[in-house]
Amino acid sequence: MKIKEFSTEIGGKKLICQFTDLADQTNGSVIVRYGNTIILVTAVMSKNKREDIDYFPLSVDYEEKFYAAGQILGSRFMKREGRPSDEAILSGRIIDRTIRPLFDASLRNEVQVVVTVLSLENYDPDVLGVIGASLALATSDIPWNGPVSGLRIGRKKSTNEFILNPDFAFLEDPDFLMEMVVCGKDGNINMIEVGSNEGDEKLMAESLHLASTELEKIQDFQRKIISEIGKEKKEVSKIEISDDAKKLFQEKIIPEMEEAVFSGPGNANIYTLMDKWTDEAADKYPEEKMALAKAYFEEKVNEILHIEAIKNEKRADGRKLNEVRPLVCQAGGISPILHGSGIFYRGGTHVFSALTLGGPQDAQIIDGMEVQIKKRFMHHYNFPPFSSGETGRMSGTNRRMIGHGALAEKALLAVIPPKEQFPYTIRLVSESMASNGSTSMASVCGSTLALMDGGVPIKNPVAGIAMGLMMSSNFKDDGKYKILTDIQGPEDHHGDMDFKVAGTKEGITAIQLDIKVDGVPVPILEEALEQAREARIKILSKMAEAIGAPRPEISPNAPKIVVIQIKPTQIGMVIGSGGKTVNEIREETETEIEIEDDGTVFITGKADGPEKARAKIEEITKEWVRGDKASGAVVKITDFGAFVKIGYNTEGLVHISEIGNFRIEKVSDVLKEGDEVPVVVKDVDERGRISLSIKLADSEFARKKVPATYPGLSGNGNSNGKNDSRRNTRE
């Protein structure tokens, strides 16, 4: 086995990159190690072009292998890896969004990057996947404008120190403030993912500056490798439309282009003009490939949008550069069946969000390679074809839906109340009803309205906005650019940046950056963050008009949850042999009961079911102390007393002397099995044995059970047991 090894240090740990002949049929491959987390990244380009498409066919696959975690995972009946987990899809998207802008968009050969996780320890392989994909591509003969580097940065609330490449445990630390995955090259940034506990814009800017410096060190490391073992790149042959076709475009389309592009929100008029162009091109030049004609049209739309924004601050729908589209907010009002709902409009983007509350038993069990948890907060996002005015298959979720849903979930997670405060499982579903720019950020707003409508005591309302960018075609020389607030339609499709920022009035909870250029300088991102903050405050103000705070009560249709605490040593008592006891309680009260290892009991049900179950469990686990009063059934008669069952499964002894205030000859004179008697706990010994007294609970109880001629009642009707005993002894 041939091995060429290179190493550098990141975050105090060694990053090792090995180039071997293990996957020698690929165009490029590398094994990347960081601690005991190891991945193999391969890059392959097809030999032939695809002539039937008008896009670059890149695919990135992130392959989780159960063996990497040293465990036999999967379901009971399926132990082989199946469809990618959400974690795998999100990791693949990070890599895809980082490397895609560095390809020539005119490339029509299929390129596939596969990241295979071989070993998993304490570090998330996604950042290693970025570096591995960069090296596999950069050292191959595949045409690509890399390298590009990736880094994870963490920060805790209690310290001002940044942590480079923090491990999995960092995210579980209550002191967590921020996690940022950032990628870039040549001092610029081209991909960002942030989850934050309301960190401010200053924190984000500091993180980006640090990242830029650290990424450049990784860039230098990669450049040395490429200079030593990199292959010569294949040529990308570009085919353009003919000069005659360009002349036709100039005559027939250019005179109408400005009016079509700047005719208002959306792409409708642009698409109408494109149809006219393709009809003209097909009629005049049937030999022209329609993909080329469409690409030329898109290029010209892109050109005019950039020129007008930079020179004249002109936008497609006529707004100012920092202007947010008209907002509409509604909390509730859909149906009492829903536990909470929200409707949010931002211009032509319309989203409906629905809240459903469940008990702890409704939490999602994640049993993946990287994560094994019970997930109690979920946000799911749907994008049906009708939301963009199209037809299509309604066949489950795709990677984009999973990515958008996860981004909104991350944005909301920082304000979700802890389980101790609000023990419900929370599921939000956002439906994109009409799309014209950033439905993911509209989902954040709609979901916030639904949460508050449902009475979920969130920490603060959250809103999101998408920022755009138009950079001069000669940016490196003239440095000209314009930042756009609340991008829509053409700006989203043709702009250079989609910078989504979500947060509260206190700070940022999530960021996602996608770009179509090589990179964006940090100062521009700082400016965009501030512009996003201003827009966010405006949106939050509008949302507050619809609902100012979470409703004081949850929906009456939501299940009720009662939480009680028992001792861990009592768990077995509540569960019973083979689960018999707890199952009986569930059936009798029509509830669901979850018991955690620390003795926390969650009881979920409707009406008075949870309270009935609580009473039964408290009865089972009650620890009796001197002075407690109760009522119980006599279960056994003996010569010296009677055993009385108190509570669910506790028995105590009533000594014959504690039955009445007079001498009792035989216990059976007063009591029989099945009698319901009042008792007071007289004592509990060190072994937990309980002594009970009937006479302390009801001094007249025994007197009512015997005839007036009963021997112990002779003489003084008010005689007490002590005097009777002495008299009878003398006799």
# chains A, B, ... in the order shown; residues from 1 in each chain; ligands from 1

call {"tool": "residues_around", "arguments": {"residues": "region 507-521 of chain A", "least_positions_apart": "6", "cutoff": "9 Å", "atoms": "only C-alpha atoms", "output": "MDAnalysis selection string"}}
result
chainID A and resid 97:98 100:102 145 178 180 184:201 204 407:408 410:415 462 464 494:501 533

call {"tool": "write_last_selection", "arguments": {"atoms": "N, CA and C atoms", "output": "short mmCIF file (atom, residue, chain, number, x, y, z; two decimals), in the first residue's frame"}}
result
data_model
loop_
_atom_site.label_atom_id
_atom_site.label_comp_id
_atom_site.auth_asym_id
_atom_site.auth_seq_id
_atom_site.Cartn_x
_atom_site.Cartn_y
_atom_site.Cartn_z
N ARG A 97 -22.42 23.03 -0.46
CA ARG A 97 -22.52 24.49 -0.54
C ARG A 97 -21.15 25.16 -0.51
N THR A 98 -20.16 24.47 0.04
CA THR A 98 -18.81 25.04 0.11
C THR A 98 -18.05 24.88 -1.20
N ARG A 100 -19.34 23.91 -4.33
CA ARG A 100 -20.07 24.16 -5.59
C ARG A 100 -19.70 25.49 -6.25
N PRO A 101 -19.62 26.61 -5.48
CA PRO A 101 -19.32 27.89 -6.15
C PRO A 101 -17.95 27.92 -6.84
N LEU A 102 -17.08 26.96 -6.53
CA LEU A 102 -15.72 26.99 -7.09
C LEU A 102 -15.59 26.16 -8.37
N ASN A 145 -11.71 25.40 -8.83
CA ASN A 145 -10.96 26.58 -8.40
C ASN A 145 -10.72 26.58 -6.89
N MET A 178 -22.34 29.60 21.42
CA MET A 178 -22.35 29.65 19.96
C MET A 178 -21.53 28.52 19.37
N MET A 180 -20.17 27.74 15.36
CA MET A 180 -20.12 28.23 13.98
C MET A 180 -19.27 27.29 13.13
N GLY A 184 -14.03 28.90 3.80
CA GLY A 184 -13.60 30.00 2.96
C GLY A 184 -12.24 29.78 2.35
N LYS A 185 -11.81 30.77 1.56
CA LYS A 185 -10.51 30.72 0.88
C LYS A 185 -10.01 32.14 0.64
N ASP A 186 -8.72 32.27 0.62
CA ASP A 186 -8.07 33.54 0.27
C ASP A 186 -8.59 34.71 1.12
N GLY A 187 -8.84 34.45 2.40
CA GLY A 187 -9.26 35.51 3.30
C GLY A 187 -10.75 35.81 3.26
N ASN A 188 -11.49 35.19 2.34
CA ASN A 188 -12.92 35.43 2.21
C ASN A 188 -13.72 34.23 2.74
N ILE A 189 -15.01 34.46 2.95
CA ILE A 189 -15.90 33.43 3.49
C ILE A 189 -16.86 32.99 2.40
N ASN A 190 -17.11 31.68 2.32
CA ASN A 190 -18.09 31.25 1.30
C ASN A 190 -19.17 30.30 1.84
N MET A 191 -19.13 29.96 3.12
CA MET A 191 -20.19 29.14 3.71
C MET A 191 -20.18 29.33 5.22
N ILE A 192 -21.38 29.50 5.79
CA ILE A 192 -21.50 29.65 7.24
C ILE A 192 -22.72 28.88 7.73
N GLU A 193 -22.57 28.21 8.87
CA GLU A 193 -23.69 27.63 9.62
C GLU A 193 -23.48 28.01 11.08
N VAL A 194 -24.49 28.64 11.69
CA VAL A 194 -24.36 29.07 13.08
C VAL A 194 -25.59 28.66 13.87
N GLY A 195 -25.35 28.13 15.06
CA GLY A 195 -26.39 27.97 16.07
C GLY A 195 -25.92 28.74 17.30
N SER A 196 -26.77 29.63 17.82
CA SER A 196 -26.32 30.52 18.88
C SER A 196 -27.41 30.73 19.91
N ASN A 197 -27.00 30.96 21.14
CA ASN A 197 -27.93 31.25 22.23
C ASN A 197 -28.02 32.76 22.41
N GLU A 198 -28.54 33.42 21.37
CA GLU A 198 -28.74 34.87 21.34
C GLU A 198 -27.42 35.64 21.45
N GLY A 199 -26.39 35.15 20.75
CA GLY A 199 -25.15 35.91 20.68
C GLY A 199 -25.33 37.14 19.79
N ASP A 200 -24.63 38.21 20.09
CA ASP A 200 -24.85 39.45 19.33
C ASP A 200 -24.00 39.51 18.06
N GLU A 201 -24.22 40.58 17.29
CA GLU A 201 -23.53 40.76 16.02
C GLU A 201 -22.02 40.91 16.21
N MET A 204 -20.45 37.53 16.41
CA MET A 204 -20.37 36.89 15.09
C MET A 204 -19.23 37.47 14.26
N LEU A 407 -32.67 24.40 9.56
CA LEU A 407 -32.24 25.77 9.82
C LEU A 407 -33.25 26.49 10.72
N ALA A 408 -34.53 26.36 10.40
CA ALA A 408 -35.56 27.00 11.23
C ALA A 408 -35.58 26.39 12.63
N LYS A 410 -33.03 25.13 14.23
CA LYS A 410 -31.86 25.67 14.94
C LYS A 410 -32.15 27.10 15.42
N ALA A 411 -32.85 27.87 14.59
CA ALA A 411 -33.15 29.26 14.94
C ALA A 411 -34.08 29.35 16.15
N LEU A 412 -34.98 28.38 16.29
CA LEU A 412 -35.97 28.41 17.36
C LEU A 412 -35.50 27.71 18.63
N LEU A 413 -34.54 26.80 18.50
CA LEU A 413 -34.12 25.96 19.62
C LEU A 413 -33.66 26.78 20.83
N ALA A 414 -33.02 27.92 20.58
CA ALA A 414 -32.47 28.73 21.68
C ALA A 414 -33.55 29.29 22.60
N VAL A 415 -34.80 29.38 22.14
CA VAL A 415 -35.85 29.99 22.97
C VAL A 415 -36.86 28.96 23.48
N VAL A 462 -38.78 34.94 17.86
CA VAL A 462 -37.67 34.85 16.90
C VAL A 462 -38.18 35.22 15.52
N GLY A 464 -36.66 35.96 11.25
CA GLY A 464 -35.52 35.74 10.35
C GLY A 464 -35.66 36.55 9.08
N HIS A 494 -30.33 35.28 -8.98
CA HIS A 494 -29.19 35.86 -9.70
C HIS A 494 -28.20 36.59 -8.80
N GLY A 495 -28.54 36.80 -7.53
CA GLY A 495 -27.62 37.51 -6.64
C GLY A 495 -26.42 36.66 -6.27
N ASP A 496 -25.46 37.29 -5.60
CA ASP A 496 -24.21 36.61 -5.25
C ASP A 496 -24.24 35.98 -3.87
N MET A 497 -25.28 36.29 -3.07
CA MET A 497 -25.27 35.81 -1.68
C MET A 497 -26.69 35.59 -1.19
N ASP A 498 -26.87 34.53 -0.43
CA ASP A 498 -28.11 34.30 0.32
C ASP A 498 -27.68 34.13 1.77
N PHE A 499 -27.82 35.20 2.54
CA PHE A 499 -27.31 35.27 3.91
C PHE A 499 -28.49 35.32 4.85
N LYS A 500 -28.87 34.19 5.41
CA LYS A 500 -30.04 34.11 6.27
C LYS A 500 -29.62 34.32 7.72
N VAL A 501 -30.30 35.24 8.40
CA VAL A 501 -29.98 35.57 9.79
C VAL A 501 -31.28 35.55 10.59
N ARG A 533 -30.05 42.92 11.38
CA ARG A 533 -30.58 43.21 12.73
C ARG A 533 -31.69 44.24 12.65
#

call {"tool": "select_by_dssp", "arguments": {"residues": "region 183-398 of chain A", "states": "strand (DSSP E)", "output": "ChimeraX atom specification"}}
result
/A:183-185,188-199,327-331,340-346,349-358,364-367,372-375,377-382

call {"tool": "atom_distance", "arguments": {"atom1": "CA of Ser699 (chain A)", "atom2": "CA of Phe640 (chain A)"}}
result
19.3 Å

call {"tool": "residues_around", "arguments": {"residues": "Ile226 (chain A)", "least_positions_apart": "6", "cutoff": "10 Å", "atoms": "only C-alpha atoms", "output": "list in words"}}
result
Leu135, Ala136, Leu137, Ala138, Thr139, Ser140, Gly146, Pro147 and Asp220 of chain A

call {"tool": "write_last_selection", "arguments": {"atoms": "C-alpha atoms", "output": "short mmCIF file (atom, residue, chain, number, x, y, z; two decimals), in the first residue's frame"}}
result
data_model
loop_
_atom_site.label_atom_id
_atom_site.label_comp_id
_atom_site.auth_asym_id
_atom_site.auth_seq_id
_atom_site.Cartn_x
_atom_site.Cartn_y
_atom_site.Cartn_z
CA LEU A 135 -7.98 18.02 -1.26
CA ALA A 136 -9.58 15.21 -3.28
CA LEU A 137 -10.69 17.72 -5.91
CA ALA A 138 -7.64 19.98 -5.82
CA THR A 139 -5.14 17.13 -6.22
CA SER A 140 -7.20 15.50 -8.99
CA GLY A 146 -9.90 25.37 -4.94
CA PRO A 147 -8.62 24.73 -2.38
CA ASP A 220 -1.40 27.16 3.23
#

call {"tool": "select_by_dssp", "arguments": {"residues": "region 364-547 of chain A", "states": "helix (DSSP H, G or I)", "output": "number ranges by chain"}}
result
A: 385-388, 399-413, 439-453, 475-478, 489-494, 522-546

call {"tool": "residues_around", "arguments": {"residues": "region 315-327 of chain A", "least_positions_apart": "3", "cutoff": "8 Å", "atoms": "only C-alpha atoms", "output": "PDB file with C-alpha atoms, in the first residue's frame"}}
result
ATOM      1  CA  VAL A 261     -36.736  42.459 -15.030  1.00  0.00           C
ATOM      2  CA  PHE A 262     -37.863  45.566 -13.134  1.00  0.00           C
ATOM      3  CA  SER A 263     -41.614  45.034 -13.450  1.00  0.00           C
ATOM      4  CA  GLY A 264     -42.284  44.113  -9.838  1.00  0.00           C
ATOM      5  CA  PRO A 265     -41.938  41.154  -7.480  1.00  0.00           C
ATOM      6  CA  GLY A 266     -41.392  37.655  -8.766  1.00  0.00           C
ATOM      7  CA  LEU A 305     -29.608  43.184 -12.080  1.00  0.00           C
ATOM      8  CA  GLU A 308     -28.637  48.568 -11.815  1.00  0.00           C
ATOM      9  CA  ALA A 309     -28.234  47.640  -8.149  1.00  0.00           C
ATOM     10  CA  PHE A 344     -46.755  34.884   8.058  1.00  0.00           C
ATOM     11  CA  TYR A 345     -46.545  36.879   4.820  1.00  0.00           C
ATOM     12  CA  ARG A 346     -43.468  38.752   3.672  1.00  0.00           C
ATOM     13  CA  GLY A 347     -44.358  40.066   0.236  1.00  0.00           C
ATOM     14  CA  LYS A 482     -24.531  46.601  -2.668  1.00  0.00           C
ATOM     15  CA  ILE A 483     -26.220  44.677   0.157  1.00  0.00           C
ATOM     16  CA  LEU A 484     -29.913  43.911  -0.287  1.00  0.00           C
ATOM     17  CA  THR A 485     -32.383  43.377   2.561  1.00  0.00           C
ATOM     18  CA  ASP A 486     -35.103  40.727   2.126  1.00  0.00           C
ATOM     19  CA  PRO A 490     -34.660  37.377  -9.252  1.00  0.00           C
ATOM     20  CA  GLU A 491     -32.338  38.642  -6.475  1.00  0.00           C
ATOM     21  CA  GLN A 531     -28.615  45.520   8.206  1.00  0.00           C
ATOM     22  CA  ALA A 535     -34.832  44.268   9.525  1.00  0.00           C
ATOM     23  CA  ILE A 539     -40.371  42.125  11.724  1.00  0.00           C
ATOM     24  CA  LYS A 542     -44.994  43.573  13.393  1.00  0.00           C
TER      25      LYS A 542
END

call {"tool": "residues_around", "arguments": {"residues": "Ile39 (chain A)", "least_positions_apart": "5", "cutoff": "6 Å", "atoms": "only C-alpha atoms", "output": "ChimeraX atom specification"}}
result
/A:31-32,116-118

call {"tool": "residues_around", "arguments": {"residues": "Phe602 (chain A)", "least_positions_apart": "5", "cutoff": "9 Å", "atoms": "only C-alpha atoms", "output": "JSON, numbers by chain"}}
result
{"A": [359, 360, 361, 423, 561, 562, 563, 564, 565, 592, 593, 594, 595, 596]}

call {"tool": "write_last_selection", "arguments": {"atoms": "N, CA and C atoms", "output": "PDB file, in the first residue's frame"}}
result
ATOM      1  N   GLY A 359     -46.752  14.321  24.754  1.00  0.00           N
ATOM      2  CA  GLY A 359     -46.049  13.977  25.978  1.00  0.00           C
ATOM      3  C   GLY A 359     -44.625  13.539  25.701  1.00  0.00           C
ATOM      4  N   PRO A 360     -43.856  13.278  26.739  1.00  0.00           N
ATOM      5  CA  PRO A 360     -42.469  12.825  26.564  1.00  0.00           C
ATOM      6  C   PRO A 360     -42.369  11.556  25.724  1.00  0.00           C
ATOM      7  N   GLN A 361     -43.402  10.721  25.762  1.00  0.00           N
ATOM      8  CA  GLN A 361     -43.358   9.479  24.990  1.00  0.00           C
ATOM      9  C   GLN A 361     -43.417   9.740  23.487  1.00  0.00           C
ATOM     10  N   PRO A 423     -42.693  20.306  29.983  1.00  0.00           N
ATOM     11  CA  PRO A 423     -42.299  18.924  29.685  1.00  0.00           C
ATOM     12  C   PRO A 423     -42.854  18.343  28.386  1.00  0.00           C
ATOM     13  N   ILE A 561     -50.136  17.339  31.036  1.00  0.00           N
ATOM     14  CA  ILE A 561     -48.977  16.629  31.584  1.00  0.00           C
ATOM     15  C   ILE A 561     -48.826  16.984  33.054  1.00  0.00           C
ATOM     16  N   VAL A 562     -48.752  15.964  33.875  1.00  0.00           N
ATOM     17  CA  VAL A 562     -48.480  16.127  35.304  1.00  0.00           C
ATOM     18  C   VAL A 562     -47.103  15.537  35.571  1.00  0.00           C
ATOM     19  N   VAL A 563     -46.288  16.278  36.297  1.00  0.00           N
ATOM     20  CA  VAL A 563     -44.936  15.828  36.613  1.00  0.00           C
ATOM     21  C   VAL A 563     -44.813  15.648  38.122  1.00  0.00           C
ATOM     22  N   ILE A 564     -44.356  14.489  38.540  1.00  0.00           N
ATOM     23  CA  ILE A 564     -44.089  14.258  39.962  1.00  0.00           C
ATOM     24  C   ILE A 564     -42.706  13.652  40.111  1.00  0.00           C
ATOM     25  N   GLN A 565     -42.183  13.712  41.307  1.00  0.00           N
ATOM     26  CA  GLN A 565     -40.838  13.194  41.583  1.00  0.00           C
ATOM     27  C   GLN A 565     -40.936  12.088  42.630  1.00  0.00           C
ATOM     28  N   GLU A 592     -50.472   8.034  29.486  1.00  0.00           N
ATOM     29  CA  GLU A 592     -49.136   7.528  29.172  1.00  0.00           C
ATOM     30  C   GLU A 592     -48.212   7.952  30.309  1.00  0.00           C
ATOM     31  N   ILE A 593     -47.388   7.027  30.777  1.00  0.00           N
ATOM     32  CA  ILE A 593     -46.511   7.315  31.912  1.00  0.00           C
ATOM     33  C   ILE A 593     -45.075   7.023  31.525  1.00  0.00           C
ATOM     34  N   GLU A 594     -44.216   8.020  31.666  1.00  0.00           N
ATOM     35  CA  GLU A 594     -42.783   7.886  31.398  1.00  0.00           C
ATOM     36  C   GLU A 594     -42.024   8.132  32.699  1.00  0.00           C
ATOM     37  N   ILE A 595     -41.122   7.221  33.039  1.00  0.00           N
ATOM     38  CA  ILE A 595     -40.339   7.362  34.268  1.00  0.00           C
ATOM     39  C   ILE A 595     -38.864   7.430  33.912  1.00  0.00           C
ATOM     40  N   GLU A 596     -38.194   8.499  34.335  1.00  0.00           N
ATOM     41  CA  GLU A 596     -36.779   8.655  34.046  1.00  0.00           C
ATOM     42  C   GLU A 596     -35.931   8.089  35.186  1.00  0.00           C
TER      43      GLU A 596
END

call {"tool": "residues_around", "arguments": {"residues": "Glu87 (chain A)", "least_positions_apart": "2", "cutoff": "10 Å", "atoms": "only C-alpha atoms", "output": "list in words"}}
result
Tyr62, Glu64, Pro84, Ser85, Ile89, Leu90, Ser91, Gly92, Arg93, Asp126, Gly368, Met369, Glu370, Val371, Ile402, Gly403 and Ala406 of chain A

call {"tool": "write_last_selection", "arguments": {"atoms": "N, CA and C atoms", "output": "compact mmCIF listing (two decimals), in the first residue's frame"}}
result
# COMPACT_ATOMS: atom_id res chain seq x y z
N TYR A 62 -22.74 11.91 1.63
CA TYR A 62 -22.09 11.75 2.93
C TYR A 62 -22.57 10.42 3.50
N GLU A 64 -22.71 7.59 6.20
CA GLU A 64 -22.50 7.17 7.59
C GLU A 64 -22.41 5.64 7.63
N PRO A 84 -30.03 7.94 4.02
CA PRO A 84 -29.21 8.84 4.84
C PRO A 84 -30.04 9.47 5.96
N SER A 85 -29.43 9.59 7.12
CA SER A 85 -30.08 10.28 8.23
C SER A 85 -30.10 11.78 7.94
N ILE A 89 -27.48 14.11 5.71
CA ILE A 89 -27.92 15.04 4.66
C ILE A 89 -27.42 16.45 4.94
N LEU A 90 -27.51 16.88 6.19
CA LEU A 90 -27.07 18.23 6.53
C LEU A 90 -25.56 18.37 6.39
N SER A 91 -24.82 17.32 6.75
CA SER A 91 -23.36 17.36 6.58
C SER A 91 -23.00 17.41 5.11
N GLY A 92 -23.71 16.63 4.30
CA GLY A 92 -23.47 16.65 2.86
C GLY A 92 -23.76 18.01 2.25
N ARG A 93 -24.81 18.67 2.75
CA ARG A 93 -25.15 20.00 2.24
C ARG A 93 -24.08 21.03 2.58
N ASP A 126 -18.02 16.53 9.64
CA ASP A 126 -18.45 17.40 8.54
C ASP A 126 -17.37 18.39 8.10
N GLY A 368 -28.56 7.21 15.64
CA GLY A 368 -27.68 7.30 14.49
C GLY A 368 -26.23 7.07 14.84
N MET A 369 -25.40 7.20 13.82
CA MET A 369 -23.96 6.99 14.01
C MET A 369 -23.37 8.06 14.93
N GLU A 370 -23.80 9.31 14.75
CA GLU A 370 -23.25 10.41 15.53
C GLU A 370 -24.07 10.71 16.78
N VAL A 371 -25.38 10.51 16.71
CA VAL A 371 -26.26 10.97 17.77
C VAL A 371 -27.19 9.86 18.21
N ILE A 402 -35.29 19.18 4.07
CA ILE A 402 -34.64 18.81 5.32
C ILE A 402 -33.71 19.92 5.79
N GLY A 403 -32.97 20.50 4.85
CA GLY A 403 -32.06 21.59 5.20
C GLY A 403 -32.78 22.82 5.71
N ALA A 406 -34.26 22.14 9.17
CA ALA A 406 -33.23 22.11 10.22
C ALA A 406 -32.76 23.52 10.56

call {"tool": "closest_residue", "arguments": {"among": "A:Ser631, A:Gln364, A:Gln330, A:Ser242", "to": "Asp675 (chain A)", "atoms": "only C-alpha atoms"}}
result
A:Ser631

call {"tool": "closest_residue", "arguments": {"among": "A:Lys666, A:Lys314, A:Lys645, A:Lys13", "to": "Ile690 (chain A)", "atoms": "only C-alpha atoms"}}
result
A:Lys645

call {"tool": "closest_residue", "arguments": {"among": "A:Ala549, A:Met441, A:Val679, A:Ser341", "to": "Ala463 (chain A)", "atoms": "only C-alpha atoms"}}
result
A:Met441

call {"tool": "closest_residue", "arguments": {"among": "A:Asp367, A:Glu161, A:Glu240, A:Glu9", "to": "Glu214 (chain A)", "atoms": "only C-alpha atoms"}}
result
A:Glu9
